[in-house]
Every structure is written in structure tokens, then in C-alpha cells.
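protein21.cif follows; it contains mmCIF, N, CA and C atoms.
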data_target
#
loop_
_atom_site.label_atom_id
_atom_site.label_comp_id
_atom_site.auth_asym_id
_atom_site.auth_seq_id
_atom_site.Cartn_x
_atom_site.Cartn_y
_atom_site.Cartn_z
N MET A 21 -79.77 -6.47 9.57
CA MET A 21 -79.01 -5.48 10.32
C MET A 21 -77.52 -5.75 10.23
N THR A 22 -77.11 -7.02 10.37
CA THR A 22 -75.70 -7.37 10.30
C THR A 22 -75.13 -7.07 8.91
N GLY A 23 -75.92 -7.35 7.88
CA GLY A 23 -75.49 -7.07 6.51
C GLY A 23 -75.25 -5.58 6.29
N ALA A 24 -76.11 -4.75 6.88
CA ALA A 24 -75.96 -3.30 6.74
C ALA A 24 -74.69 -2.81 7.45
N LEU A 25 -74.39 -3.41 8.61
CA LEU A 25 -73.16 -3.04 9.32
C LEU A 25 -71.92 -3.44 8.54
N ILE A 26 -71.97 -4.62 7.95
CA ILE A 26 -70.83 -5.07 7.15
C ILE A 26 -70.66 -4.16 5.94
N ALA A 27 -71.75 -3.81 5.28
CA ALA A 27 -71.68 -2.92 4.11
C ALA A 27 -71.14 -1.55 4.51
N ALA A 28 -71.59 -1.03 5.65
CA ALA A 28 -71.10 0.27 6.11
C ALA A 28 -69.62 0.21 6.44
N ALA A 29 -69.17 -0.87 7.07
CA ALA A 29 -67.75 -1.02 7.39
C ALA A 29 -66.91 -1.12 6.12
N MET A 30 -67.40 -1.86 5.13
CA MET A 30 -66.68 -1.99 3.86
C MET A 30 -66.59 -0.63 3.15
N LEU A 31 -67.69 0.10 3.17
CA LEU A 31 -67.71 1.41 2.54
C LEU A 31 -66.74 2.36 3.24
N ALA A 32 -66.71 2.33 4.56
CA ALA A 32 -65.78 3.18 5.32
C ALA A 32 -64.33 2.80 5.02
N ALA A 33 -64.04 1.50 4.98
CA ALA A 33 -62.67 1.05 4.69
C ALA A 33 -62.25 1.46 3.28
N ALA A 34 -63.14 1.31 2.30
CA ALA A 34 -62.82 1.68 0.93
C ALA A 34 -62.60 3.19 0.81
N THR A 35 -63.41 3.96 1.51
CA THR A 35 -63.25 5.42 1.49
C THR A 35 -61.91 5.83 2.10
N LEU A 36 -61.56 5.23 3.22
CA LEU A 36 -60.28 5.53 3.86
C LEU A 36 -59.11 5.17 2.94
N PHE A 37 -59.17 4.00 2.32
CA PHE A 37 -58.12 3.59 1.39
C PHE A 37 -58.01 4.58 0.24
N GLY A 38 -59.15 4.98 -0.32
CA GLY A 38 -59.15 5.93 -1.43
C GLY A 38 -58.55 7.27 -1.06
N LEU A 39 -58.88 7.75 0.13
CA LEU A 39 -58.33 9.03 0.59
C LEU A 39 -56.82 8.94 0.80
N LEU A 40 -56.36 7.84 1.39
CA LEU A 40 -54.91 7.67 1.58
C LEU A 40 -54.21 7.56 0.24
N TRP A 41 -54.77 6.82 -0.70
CA TRP A 41 -54.18 6.65 -2.04
C TRP A 41 -54.07 8.01 -2.72
N ARG A 42 -55.15 8.78 -2.66
CA ARG A 42 -55.17 10.09 -3.31
C ARG A 42 -54.14 11.03 -2.70
N ARG A 43 -53.99 10.95 -1.39
CA ARG A 43 -53.04 11.83 -0.70
C ARG A 43 -51.60 11.52 -1.09
N ARG A 44 -51.27 10.25 -1.33
CA ARG A 44 -49.89 9.86 -1.65
C ARG A 44 -49.59 9.87 -3.14
N ASP A 45 -50.61 9.84 -3.99
CA ASP A 45 -50.43 9.73 -5.42
C ASP A 45 -49.69 10.94 -5.98
N GLY A 46 -48.55 10.70 -6.62
CA GLY A 46 -47.79 11.76 -7.25
C GLY A 46 -46.92 12.59 -6.32
N VAL A 47 -46.87 12.25 -5.04
CA VAL A 47 -46.08 13.02 -4.08
C VAL A 47 -44.61 12.59 -4.17
N LEU A 48 -43.73 13.55 -4.33
CA LEU A 48 -42.30 13.26 -4.40
C LEU A 48 -41.76 13.11 -2.99
N ARG A 49 -41.39 11.89 -2.63
CA ARG A 49 -40.91 11.57 -1.29
C ARG A 49 -39.41 11.31 -1.32
N ALA A 50 -38.76 11.57 -0.20
CA ALA A 50 -37.33 11.28 -0.05
C ALA A 50 -37.14 9.78 0.07
N GLN A 51 -36.00 9.29 -0.40
CA GLN A 51 -35.67 7.88 -0.28
C GLN A 51 -35.20 7.59 1.14
N ARG A 52 -35.65 6.46 1.68
CA ARG A 52 -35.20 6.07 3.01
C ARG A 52 -35.42 4.58 3.20
N GLY A 53 -34.79 4.05 4.24
CA GLY A 53 -35.01 2.64 4.60
C GLY A 53 -34.33 1.68 3.65
N LEU A 54 -34.94 0.53 3.47
CA LEU A 54 -34.37 -0.55 2.66
C LEU A 54 -34.14 -0.13 1.22
N GLU A 55 -35.02 0.72 0.68
CA GLU A 55 -34.88 1.15 -0.70
C GLU A 55 -33.55 1.84 -0.95
N ASP A 56 -33.02 2.55 0.07
CA ASP A 56 -31.76 3.28 -0.11
C ASP A 56 -30.63 2.38 -0.58
N ALA A 57 -30.56 1.18 -0.02
CA ALA A 57 -29.46 0.27 -0.37
C ALA A 57 -29.50 -0.08 -1.85
N VAL A 58 -30.69 -0.24 -2.40
CA VAL A 58 -30.83 -0.62 -3.80
C VAL A 58 -30.79 0.60 -4.71
N VAL A 59 -31.51 1.64 -4.33
CA VAL A 59 -31.70 2.78 -5.21
C VAL A 59 -30.51 3.73 -5.25
N ASN A 60 -29.76 3.85 -4.18
CA ASN A 60 -28.70 4.85 -4.15
C ASN A 60 -27.41 4.44 -4.84
N ASP A 61 -27.40 3.29 -5.50
CA ASP A 61 -26.31 3.04 -6.43
C ASP A 61 -26.55 4.01 -7.58
N PRO A 62 -25.61 4.90 -7.84
CA PRO A 62 -25.86 5.91 -8.87
C PRO A 62 -26.19 5.28 -10.22
N LEU A 63 -27.09 5.91 -10.93
CA LEU A 63 -27.44 5.48 -12.28
C LEU A 63 -26.51 6.19 -13.26
N SER A 64 -26.12 5.48 -14.27
CA SER A 64 -25.19 6.04 -15.26
C SER A 64 -25.91 6.24 -16.59
N PRO A 65 -25.29 6.97 -17.50
CA PRO A 65 -25.87 7.09 -18.84
C PRO A 65 -26.07 5.73 -19.50
N ASP A 66 -25.21 4.75 -19.20
CA ASP A 66 -25.38 3.41 -19.75
C ASP A 66 -26.67 2.77 -19.24
N ASP A 67 -26.99 3.00 -17.96
CA ASP A 67 -28.23 2.45 -17.40
C ASP A 67 -29.46 3.04 -18.09
N LEU A 68 -29.40 4.34 -18.37
CA LEU A 68 -30.56 5.05 -18.91
C LEU A 68 -30.62 5.08 -20.43
N GLY A 69 -29.49 4.88 -21.07
CA GLY A 69 -29.46 5.01 -22.52
C GLY A 69 -29.53 6.47 -22.94
N ALA A 70 -29.23 7.38 -22.02
CA ALA A 70 -29.26 8.83 -22.28
C ALA A 70 -28.32 9.50 -21.29
N GLU A 71 -27.90 10.69 -21.64
CA GLU A 71 -27.00 11.44 -20.77
C GLU A 71 -27.76 11.98 -19.57
N LEU A 72 -27.08 12.04 -18.43
CA LEU A 72 -27.63 12.67 -17.25
C LEU A 72 -27.58 14.19 -17.42
N GLY A 73 -28.47 14.89 -16.73
CA GLY A 73 -28.43 16.34 -16.75
C GLY A 73 -27.19 16.83 -16.01
N GLU A 74 -26.71 17.99 -16.38
CA GLU A 74 -25.53 18.58 -15.75
C GLU A 74 -25.76 18.81 -14.25
N LYS A 75 -26.98 19.20 -13.88
CA LYS A 75 -27.30 19.47 -12.47
C LYS A 75 -28.24 18.43 -11.86
N ALA A 76 -29.18 17.93 -12.66
CA ALA A 76 -30.17 16.96 -12.17
C ALA A 76 -30.85 16.29 -13.36
N THR A 77 -31.48 15.16 -13.10
CA THR A 77 -32.22 14.43 -14.13
C THR A 77 -33.57 14.03 -13.59
N LEU A 78 -34.60 14.25 -14.40
CA LEU A 78 -35.95 13.80 -14.08
C LEU A 78 -36.18 12.52 -14.87
N LEU A 79 -36.17 11.39 -14.19
CA LEU A 79 -36.31 10.09 -14.83
C LEU A 79 -37.74 9.61 -14.68
N GLN A 80 -38.39 9.36 -15.81
CA GLN A 80 -39.79 8.95 -15.82
C GLN A 80 -39.92 7.56 -16.42
N PHE A 81 -40.59 6.66 -15.69
CA PHE A 81 -40.94 5.35 -16.21
C PHE A 81 -42.39 5.40 -16.65
N SER A 82 -42.64 5.03 -17.91
CA SER A 82 -43.97 5.10 -18.50
C SER A 82 -44.34 3.78 -19.13
N SER A 83 -45.60 3.68 -19.53
CA SER A 83 -46.05 2.53 -20.31
C SER A 83 -46.95 3.05 -21.44
N ALA A 84 -47.16 2.22 -22.43
CA ALA A 84 -47.82 2.65 -23.66
C ALA A 84 -49.24 3.18 -23.45
N PHE A 85 -50.01 2.57 -22.60
CA PHE A 85 -51.42 2.93 -22.47
C PHE A 85 -51.71 3.67 -21.17
N CYS A 86 -50.76 4.42 -20.69
CA CYS A 86 -50.88 5.13 -19.41
C CYS A 86 -51.23 6.59 -19.67
N ALA A 87 -52.48 6.98 -19.38
CA ALA A 87 -52.90 8.37 -19.59
C ALA A 87 -52.14 9.35 -18.69
N PRO A 88 -51.95 9.05 -17.39
CA PRO A 88 -51.19 9.99 -16.55
C PRO A 88 -49.74 10.16 -17.01
N CYS A 89 -49.22 9.18 -17.73
CA CYS A 89 -47.84 9.29 -18.22
C CYS A 89 -47.69 10.44 -19.21
N ARG A 90 -48.70 10.68 -20.02
CA ARG A 90 -48.65 11.78 -20.99
C ARG A 90 -48.62 13.12 -20.27
N ALA A 91 -49.45 13.27 -19.25
CA ALA A 91 -49.46 14.52 -18.48
C ALA A 91 -48.12 14.71 -17.75
N THR A 92 -47.58 13.61 -17.22
CA THR A 92 -46.30 13.66 -16.53
C THR A 92 -45.19 14.06 -17.49
N ARG A 93 -45.21 13.50 -18.70
CA ARG A 93 -44.21 13.84 -19.72
C ARG A 93 -44.23 15.34 -19.99
N ARG A 94 -45.43 15.91 -20.10
CA ARG A 94 -45.56 17.34 -20.38
C ARG A 94 -45.01 18.17 -19.21
N VAL A 95 -45.38 17.82 -17.98
CA VAL A 95 -44.93 18.57 -16.80
C VAL A 95 -43.41 18.50 -16.66
N LEU A 96 -42.85 17.30 -16.75
CA LEU A 96 -41.40 17.15 -16.59
C LEU A 96 -40.64 17.83 -17.71
N GLY A 97 -41.17 17.77 -18.93
CA GLY A 97 -40.54 18.46 -20.06
C GLY A 97 -40.52 19.97 -19.85
N GLU A 98 -41.64 20.51 -19.36
CA GLU A 98 -41.70 21.96 -19.09
C GLU A 98 -40.69 22.36 -18.00
N VAL A 99 -40.60 21.56 -16.95
CA VAL A 99 -39.66 21.88 -15.87
C VAL A 99 -38.22 21.79 -16.38
N ALA A 100 -37.91 20.76 -17.15
CA ALA A 100 -36.56 20.61 -17.69
C ALA A 100 -36.19 21.78 -18.61
N ASP A 101 -37.18 22.29 -19.35
CA ASP A 101 -36.93 23.44 -20.21
C ASP A 101 -36.73 24.73 -19.40
N MET A 102 -37.37 24.80 -18.24
CA MET A 102 -37.29 26.00 -17.39
C MET A 102 -35.98 26.10 -16.62
N VAL A 103 -35.43 24.96 -16.20
CA VAL A 103 -34.27 24.95 -15.30
C VAL A 103 -33.04 24.49 -16.07
N ASP A 104 -32.04 25.36 -16.16
CA ASP A 104 -30.80 25.02 -16.86
C ASP A 104 -30.10 23.83 -16.19
N GLY A 105 -29.57 22.92 -17.01
CA GLY A 105 -28.81 21.80 -16.50
C GLY A 105 -29.66 20.62 -16.05
N VAL A 106 -30.97 20.68 -16.28
CA VAL A 106 -31.86 19.59 -15.90
C VAL A 106 -32.32 18.87 -17.16
N ALA A 107 -32.19 17.54 -17.15
CA ALA A 107 -32.62 16.72 -18.28
C ALA A 107 -33.84 15.91 -17.89
N HIS A 108 -34.70 15.65 -18.86
CA HIS A 108 -35.85 14.77 -18.67
C HIS A 108 -35.62 13.53 -19.52
N VAL A 109 -35.61 12.38 -18.86
CA VAL A 109 -35.41 11.10 -19.56
C VAL A 109 -36.64 10.25 -19.30
N GLU A 110 -37.30 9.82 -20.37
CA GLU A 110 -38.48 8.95 -20.23
C GLU A 110 -38.12 7.57 -20.75
N LEU A 111 -38.39 6.56 -19.93
CA LEU A 111 -38.12 5.18 -20.31
C LEU A 111 -39.40 4.37 -20.32
N ASP A 112 -39.52 3.49 -21.31
CA ASP A 112 -40.64 2.56 -21.34
C ASP A 112 -40.35 1.45 -20.33
N ALA A 113 -41.23 1.30 -19.36
CA ALA A 113 -41.01 0.33 -18.29
C ALA A 113 -40.86 -1.09 -18.83
N GLU A 114 -41.65 -1.44 -19.84
CA GLU A 114 -41.58 -2.80 -20.40
C GLU A 114 -40.25 -3.08 -21.08
N ALA A 115 -39.66 -2.07 -21.66
CA ALA A 115 -38.39 -2.25 -22.37
C ALA A 115 -37.18 -2.20 -21.45
N HIS A 116 -37.39 -1.83 -20.19
CA HIS A 116 -36.29 -1.70 -19.23
C HIS A 116 -36.59 -2.45 -17.94
N LEU A 117 -36.99 -3.70 -18.06
CA LEU A 117 -37.41 -4.49 -16.90
C LEU A 117 -36.31 -4.66 -15.86
N ASP A 118 -35.05 -4.76 -16.30
CA ASP A 118 -33.96 -4.89 -15.33
C ASP A 118 -33.88 -3.66 -14.44
N LEU A 119 -34.02 -2.49 -15.02
CA LEU A 119 -33.98 -1.24 -14.25
C LEU A 119 -35.25 -1.08 -13.39
N VAL A 120 -36.38 -1.50 -13.93
CA VAL A 120 -37.64 -1.46 -13.17
C VAL A 120 -37.51 -2.30 -11.90
N ARG A 121 -36.94 -3.48 -12.03
CA ARG A 121 -36.75 -4.35 -10.86
C ARG A 121 -35.73 -3.75 -9.89
N ARG A 122 -34.64 -3.26 -10.44
CA ARG A 122 -33.58 -2.69 -9.60
C ARG A 122 -34.08 -1.51 -8.78
N LEU A 123 -34.95 -0.69 -9.37
CA LEU A 123 -35.44 0.51 -8.71
C LEU A 123 -36.80 0.32 -8.05
N ASN A 124 -37.31 -0.89 -8.09
CA ASN A 124 -38.59 -1.22 -7.45
C ASN A 124 -39.73 -0.34 -7.97
N VAL A 125 -39.81 -0.21 -9.29
CA VAL A 125 -40.89 0.53 -9.91
C VAL A 125 -42.09 -0.40 -9.99
N ILE A 126 -43.19 -0.01 -9.35
CA ILE A 126 -44.37 -0.86 -9.27
C ILE A 126 -45.46 -0.42 -10.22
N ARG A 127 -45.54 0.87 -10.51
CA ARG A 127 -46.59 1.38 -11.39
C ARG A 127 -46.05 2.52 -12.23
N THR A 128 -46.81 2.86 -13.25
CA THR A 128 -46.45 4.00 -14.09
C THR A 128 -47.54 5.05 -13.98
N PRO A 129 -47.17 6.31 -14.04
CA PRO A 129 -45.81 6.79 -14.11
C PRO A 129 -45.12 6.74 -12.74
N THR A 130 -43.85 6.45 -12.77
CA THR A 130 -42.99 6.61 -11.60
C THR A 130 -41.92 7.61 -12.01
N VAL A 131 -41.69 8.60 -11.17
CA VAL A 131 -40.72 9.65 -11.45
C VAL A 131 -39.64 9.61 -10.38
N LEU A 132 -38.39 9.59 -10.82
CA LEU A 132 -37.24 9.67 -9.92
C LEU A 132 -36.49 10.96 -10.22
N VAL A 133 -36.16 11.69 -9.19
CA VAL A 133 -35.33 12.89 -9.34
C VAL A 133 -33.92 12.48 -8.96
N LEU A 134 -33.01 12.60 -9.92
CA LEU A 134 -31.61 12.21 -9.72
C LEU A 134 -30.75 13.46 -9.57
N ASP A 135 -29.75 13.37 -8.70
CA ASP A 135 -28.80 14.49 -8.60
C ASP A 135 -27.80 14.40 -9.75
N ASP A 136 -26.81 15.27 -9.75
CA ASP A 136 -25.84 15.31 -10.86
C ASP A 136 -25.00 14.05 -10.97
N ALA A 137 -24.90 13.27 -9.89
CA ALA A 137 -24.13 12.03 -9.90
C ALA A 137 -24.99 10.82 -10.24
N GLY A 138 -26.30 11.01 -10.42
CA GLY A 138 -27.18 9.91 -10.78
C GLY A 138 -27.79 9.19 -9.58
N ARG A 139 -27.69 9.78 -8.39
CA ARG A 139 -28.30 9.20 -7.19
C ARG A 139 -29.75 9.67 -7.06
N VAL A 140 -30.64 8.77 -6.64
CA VAL A 140 -32.05 9.12 -6.46
C VAL A 140 -32.21 9.98 -5.22
N VAL A 141 -32.80 11.16 -5.41
CA VAL A 141 -33.03 12.09 -4.31
C VAL A 141 -34.50 12.06 -3.87
N ARG A 142 -35.39 12.00 -4.85
CA ARG A 142 -36.84 11.96 -4.60
C ARG A 142 -37.49 10.98 -5.55
N ARG A 143 -38.70 10.54 -5.16
CA ARG A 143 -39.41 9.54 -5.94
C ARG A 143 -40.91 9.77 -5.81
N ALA A 144 -41.65 9.59 -6.92
CA ALA A 144 -43.11 9.70 -6.89
C ALA A 144 -43.71 8.57 -7.72
N SER A 145 -44.75 7.96 -7.20
CA SER A 145 -45.57 7.03 -7.96
C SER A 145 -46.84 7.77 -8.29
N GLY A 146 -47.12 7.91 -9.56
CA GLY A 146 -48.26 8.73 -9.98
C GLY A 146 -47.74 10.03 -10.56
N ALA A 147 -48.66 10.82 -11.08
CA ALA A 147 -48.29 12.07 -11.75
C ALA A 147 -48.03 13.18 -10.74
N PRO A 148 -46.79 13.68 -10.65
CA PRO A 148 -46.50 14.77 -9.71
C PRO A 148 -46.96 16.11 -10.26
N ARG A 149 -47.20 17.04 -9.37
CA ARG A 149 -47.57 18.40 -9.77
C ARG A 149 -46.30 19.20 -10.07
N LYS A 150 -46.41 20.14 -10.97
CA LYS A 150 -45.27 20.94 -11.40
C LYS A 150 -44.56 21.65 -10.23
N PRO A 151 -45.28 22.30 -9.31
CA PRO A 151 -44.58 22.96 -8.19
C PRO A 151 -43.81 21.96 -7.32
N ASP A 152 -44.34 20.74 -7.19
CA ASP A 152 -43.65 19.72 -6.39
C ASP A 152 -42.36 19.28 -7.07
N VAL A 153 -42.38 19.18 -8.40
CA VAL A 153 -41.17 18.80 -9.14
C VAL A 153 -40.10 19.88 -8.99
N ILE A 154 -40.52 21.12 -9.11
CA ILE A 154 -39.59 22.25 -8.96
C ILE A 154 -38.98 22.25 -7.56
N ALA A 155 -39.79 22.02 -6.55
CA ALA A 155 -39.31 21.98 -5.17
C ALA A 155 -38.34 20.82 -4.97
N ALA A 156 -38.63 19.66 -5.57
CA ALA A 156 -37.75 18.50 -5.44
C ALA A 156 -36.40 18.76 -6.09
N LEU A 157 -36.39 19.55 -7.17
CA LEU A 157 -35.13 19.89 -7.80
C LEU A 157 -34.26 20.74 -6.88
N GLY A 158 -34.89 21.51 -6.02
CA GLY A 158 -34.15 22.31 -5.05
C GLY A 158 -33.29 21.44 -4.14
N GLU A 159 -33.73 20.23 -3.87
CA GLU A 159 -32.95 19.31 -3.05
C GLU A 159 -31.86 18.63 -3.87
N ALA A 160 -32.13 18.41 -5.15
CA ALA A 160 -31.17 17.69 -5.99
C ALA A 160 -30.03 18.59 -6.47
N ILE A 161 -30.32 19.87 -6.62
CA ILE A 161 -29.32 20.82 -7.14
C ILE A 161 -28.69 21.56 -5.96
N PRO A 162 -27.39 21.37 -5.76
CA PRO A 162 -26.73 22.05 -4.62
C PRO A 162 -26.62 23.55 -4.82
#
Would you mind giving the structure from this file in C-alpha cells?
Amino acid sequence: MTGALIAAAMLAAATLFGLLWRRRDGVLRAQRGLEDAVVNDPLSPDDLGAELGEKATLLQFSSAFCAPCRATRRVLGEVADMVDGVAHVELDAEAHLDLVRRLNVIRTPTVLVLDDAGRVVRRASGAPRKPDVIAALGEAIP
């Protein structure tokens, strides 16, 4: 009987964790708290190895064997093509470890929405949905 209760509790805890993970995965959230001090130092073209967008930049951290990274690349590329002045920059996380540490990138894909000055406005861990990316650009573009 005790073993069954423990198994049921473990199953409930795992289910709750999975539901919370799924709910947060790919959601573009505003920067706040301790991360602001580190992340809100504007990123420059030198940091990225590419020019910033005139109005906003969609910065994607990827890795070689990341399946969601390919879908994210497609979504961000489509959005950048749709909205004038928006650039999509994809960086290999392994090749940019200094930036990964500076921006506290824990997993791939991680997407940062930068304003025209290179400040992080929104952030998502996981593959964001296209409508969410478009909505996040509304905050980045004045």
C-alpha cells in the first residue's frame, strides 16, 4: 500500500512538472529582476558578429543537434521577412560561450528580442510560436 502511494505521488509530481514545463516552453517573457542587470547592457554588432536590425533584432541561440532550433529558425526568418527593419541573427551557442554566459542562456533554442539599441526586451527558452514573436516585436518597436 505504501509503495502504491509513493508511486502515485511521484506520478502526480512528474505530471505537474511536465504541465508547468509545457506551459512555459517557448513563451516570450519580459526581462525582470536580477537578469536585468546582466542582460540590459545593450548588445552591439561586435557582440553578435552581425548588424542589428534597424527597428529590432531576433537573436537565436542554437546548437547543432537541436531539432526545435530548425523550426525556430524558420519561424524567426519568416517574421523578419514580414516586418521591415527586423533582423534575424542565429548564433551557435557552443561558438559563443562568452555571450551564452553573459546572457544566462541555459538551453537551445533561446530567443532574445532586442530593441533598436540592442537591449533585451523579451526572452524565450524553447521554440516560440509565430504570433507570440510578432506580439513581442510590438513591444520592441516603438
Spatial neighbours of Glu74 of chain A, 7 Å, only C-alpha atoms, chain gap at least 3 places, as a list of chain:residue names:
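Counting only the stated atoms, we get A:Gly105, A:Val106, A:Asp136.
What separates atom C of Leu72 of chain A from atom CA of Gly146 of chain A is a distance of 22.6 Å.
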Explicit residues for the PyMOL selection byres ((chain A and resi 83) around 6.5) (as a ChimeraX atom specification)
/A:81-82,84-86,89,111-114,128-129
Explicit residue set for the PyMOL selection byres (((chain A and resi 157 and name CA) around 9) and name CA), as a PDB file with N, CA and C atoms, in the coordinates of the input:
ATOM      1  N   ALA A  76     -29.180  17.930 -12.660  1.00  0.00           N
ATOM      2  CA  ALA A  76     -30.170  16.960 -12.170  1.00  0.00           C
ATOM      3  C   ALA A  76     -30.850  16.290 -13.360  1.00  0.00           C
ATOM      4  N   THR A  77     -31.480  15.160 -13.100  1.00  0.00           N
ATOM      5  CA  THR A  77     -32.220  14.430 -14.130  1.00  0.00           C
ATOM      6  C   THR A  77     -33.570  14.030 -13.590  1.00  0.00           C
ATOM      7  N   LEU A  78     -34.600  14.250 -14.400  1.00  0.00           N
ATOM      8  CA  LEU A  78     -35.950  13.800 -14.080  1.00  0.00           C
ATOM      9  C   LEU A  78     -36.180  12.520 -14.870  1.00  0.00           C
ATOM     10  N   VAL A 106     -30.970  20.680 -16.280  1.00  0.00           N
ATOM     11  CA  VAL A 106     -31.860  19.590 -15.900  1.00  0.00           C
ATOM     12  C   VAL A 106     -32.320  18.870 -17.160  1.00  0.00           C
ATOM     13  N   VAL A 133     -36.160  11.690  -9.190  1.00  0.00           N
ATOM     14  CA  VAL A 133     -35.330  12.890  -9.340  1.00  0.00           C
ATOM     15  C   VAL A 133     -33.920  12.480  -8.960  1.00  0.00           C
ATOM     16  N   LEU A 134     -33.010  12.600  -9.920  1.00  0.00           N
ATOM     17  CA  LEU A 134     -31.610  12.210  -9.720  1.00  0.00           C
ATOM     18  C   LEU A 134     -30.750  13.460  -9.570  1.00  0.00           C
ATOM     19  N   ASP A 135     -29.750  13.370  -8.700  1.00  0.00           N
ATOM     20  CA  ASP A 135     -28.800  14.490  -8.600  1.00  0.00           C
ATOM     21  C   ASP A 135     -27.800  14.400  -9.750  1.00  0.00           C
ATOM     22  N   VAL A 141     -32.800  11.160  -5.410  1.00  0.00           N
ATOM     23  CA  VAL A 141     -33.030  12.090  -4.310  1.00  0.00           C
ATOM     24  C   VAL A 141     -34.500  12.060  -3.870  1.00  0.00           C
ATOM     25  N   ARG A 142     -35.390  12.000  -4.850  1.00  0.00           N
ATOM     26  CA  ARG A 142     -36.840  11.960  -4.600  1.00  0.00           C
ATOM     27  C   ARG A 142     -37.490  10.980  -5.550  1.00  0.00           C
ATOM     28  N   ASP A 152     -44.340  20.740  -7.190  1.00  0.00           N
ATOM     29  CA  ASP A 152     -43.650  19.720  -6.390  1.00  0.00           C
ATOM     30  C   ASP A 152     -42.360  19.280  -7.070  1.00  0.00           C
ATOM     31  N   VAL A 153     -42.380  19.180  -8.400  1.00  0.00           N
ATOM     32  CA  VAL A 153     -41.170  18.800  -9.140  1.00  0.00           C
ATOM     33  C   VAL A 153     -40.100  19.880  -8.990  1.00  0.00           C
ATOM     34  N   ILE A 154     -40.520  21.120  -9.110  1.00  0.00           N
ATOM     35  CA  ILE A 154     -39.590  22.250  -8.960  1.00  0.00           C
ATOM     36  C   ILE A 154     -38.980  22.250  -7.560  1.00  0.00           C
ATOM     37  N   ALA A 155     -39.790  22.020  -6.550  1.00  0.00           N
ATOM     38  CA  ALA A 155     -39.310  21.980  -5.170  1.00  0.00           C
ATOM     39  C   ALA A 155     -38.340  20.820  -4.970  1.00  0.00           C
ATOM     40  N   ALA A 156     -38.630  19.660  -5.570  1.00  0.00           N
ATOM     41  CA  ALA A 156     -37.750  18.500  -5.440  1.00  0.00           C
ATOM     42  C   ALA A 156     -36.400  18.760  -6.090  1.00  0.00           C
ATOM     43  N   GLY A 158     -34.890  21.510  -6.020  1.00  0.00           N
ATOM     44  CA  GLY A 158     -34.150  22.310  -5.050  1.00  0.00           C
ATOM     45  C   GLY A 158     -33.290  21.440  -4.140  1.00  0.00           C
ATOM     46  N   GLU A 159     -33.730  20.230  -3.870  1.00  0.00           N
ATOM     47  CA  GLU A 159     -32.950  19.310  -3.050  1.00  0.00           C
ATOM     48  C   GLU A 159     -31.860  18.630  -3.870  1.00  0.00           C
ATOM     49  N   ALA A 160     -32.130  18.410  -5.150  1.00  0.00           N
ATOM     50  CA  ALA A 160     -31.170  17.690  -5.990  1.00  0.00           C
ATOM     51  C   ALA A 160     -30.030  18.590  -6.470  1.00  0.00           C
ATOM     52  N   ILE A 161     -30.320  19.870  -6.620  1.00  0.00           N
ATOM     53  CA  ILE A 161     -29.320  20.820  -7.140  1.00  0.00           C
ATOM     54  C   ILE A 161     -28.690  21.560  -5.960  1.00  0.00           C
TER      55      ILE A 161
END
As a check of understanding: the span from atom C of Asp67 of chain A to atom CA of Ser145 of chain A is 19.4 Å
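Proximity of A:Leu132, A:Ala137, A:Gln80, A:Ala91 to Glu110 of chain A, computed with only N, CA and C atoms, is greatest for A:Gln80.
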At what distance in Å, to one decimal, does atom C of Arg90 of chain A lie from atom CA of Pro65 of chain A?
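Spanning atom CA of Pro65 of chain A to atom C of Arg90 of chain A is a straight-line distance of 23.6 Å.
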DSSP-assigned helix (DSSP H, G or I) among segment 84-150 of chain A, expressed as a list in words:
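Across segment 84-150 of chain A, those assigned helix (DSSP H, G or I) are Ala87, Pro88, Cys89, Arg90, Ala91, Thr92, Arg93, Arg94, Val95, Leu96, Gly97, Glu98, Val99, Ala100, Asp101, Met102, Ala113, Glu114, Ala115, His116, Leu117, Asp118, Leu119, Val120, Arg121, Arg122 and Lys150 of chain A.
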Restricting the calculation to all atoms listed in the file, which member of A:Val109, A:Ala87, A:Val95, A:Leu117 is positioned closest to Gly73 of chain A?
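Using all atoms listed in the file, the shortest distance to Gly73 of chain A belongs to A:Val109.
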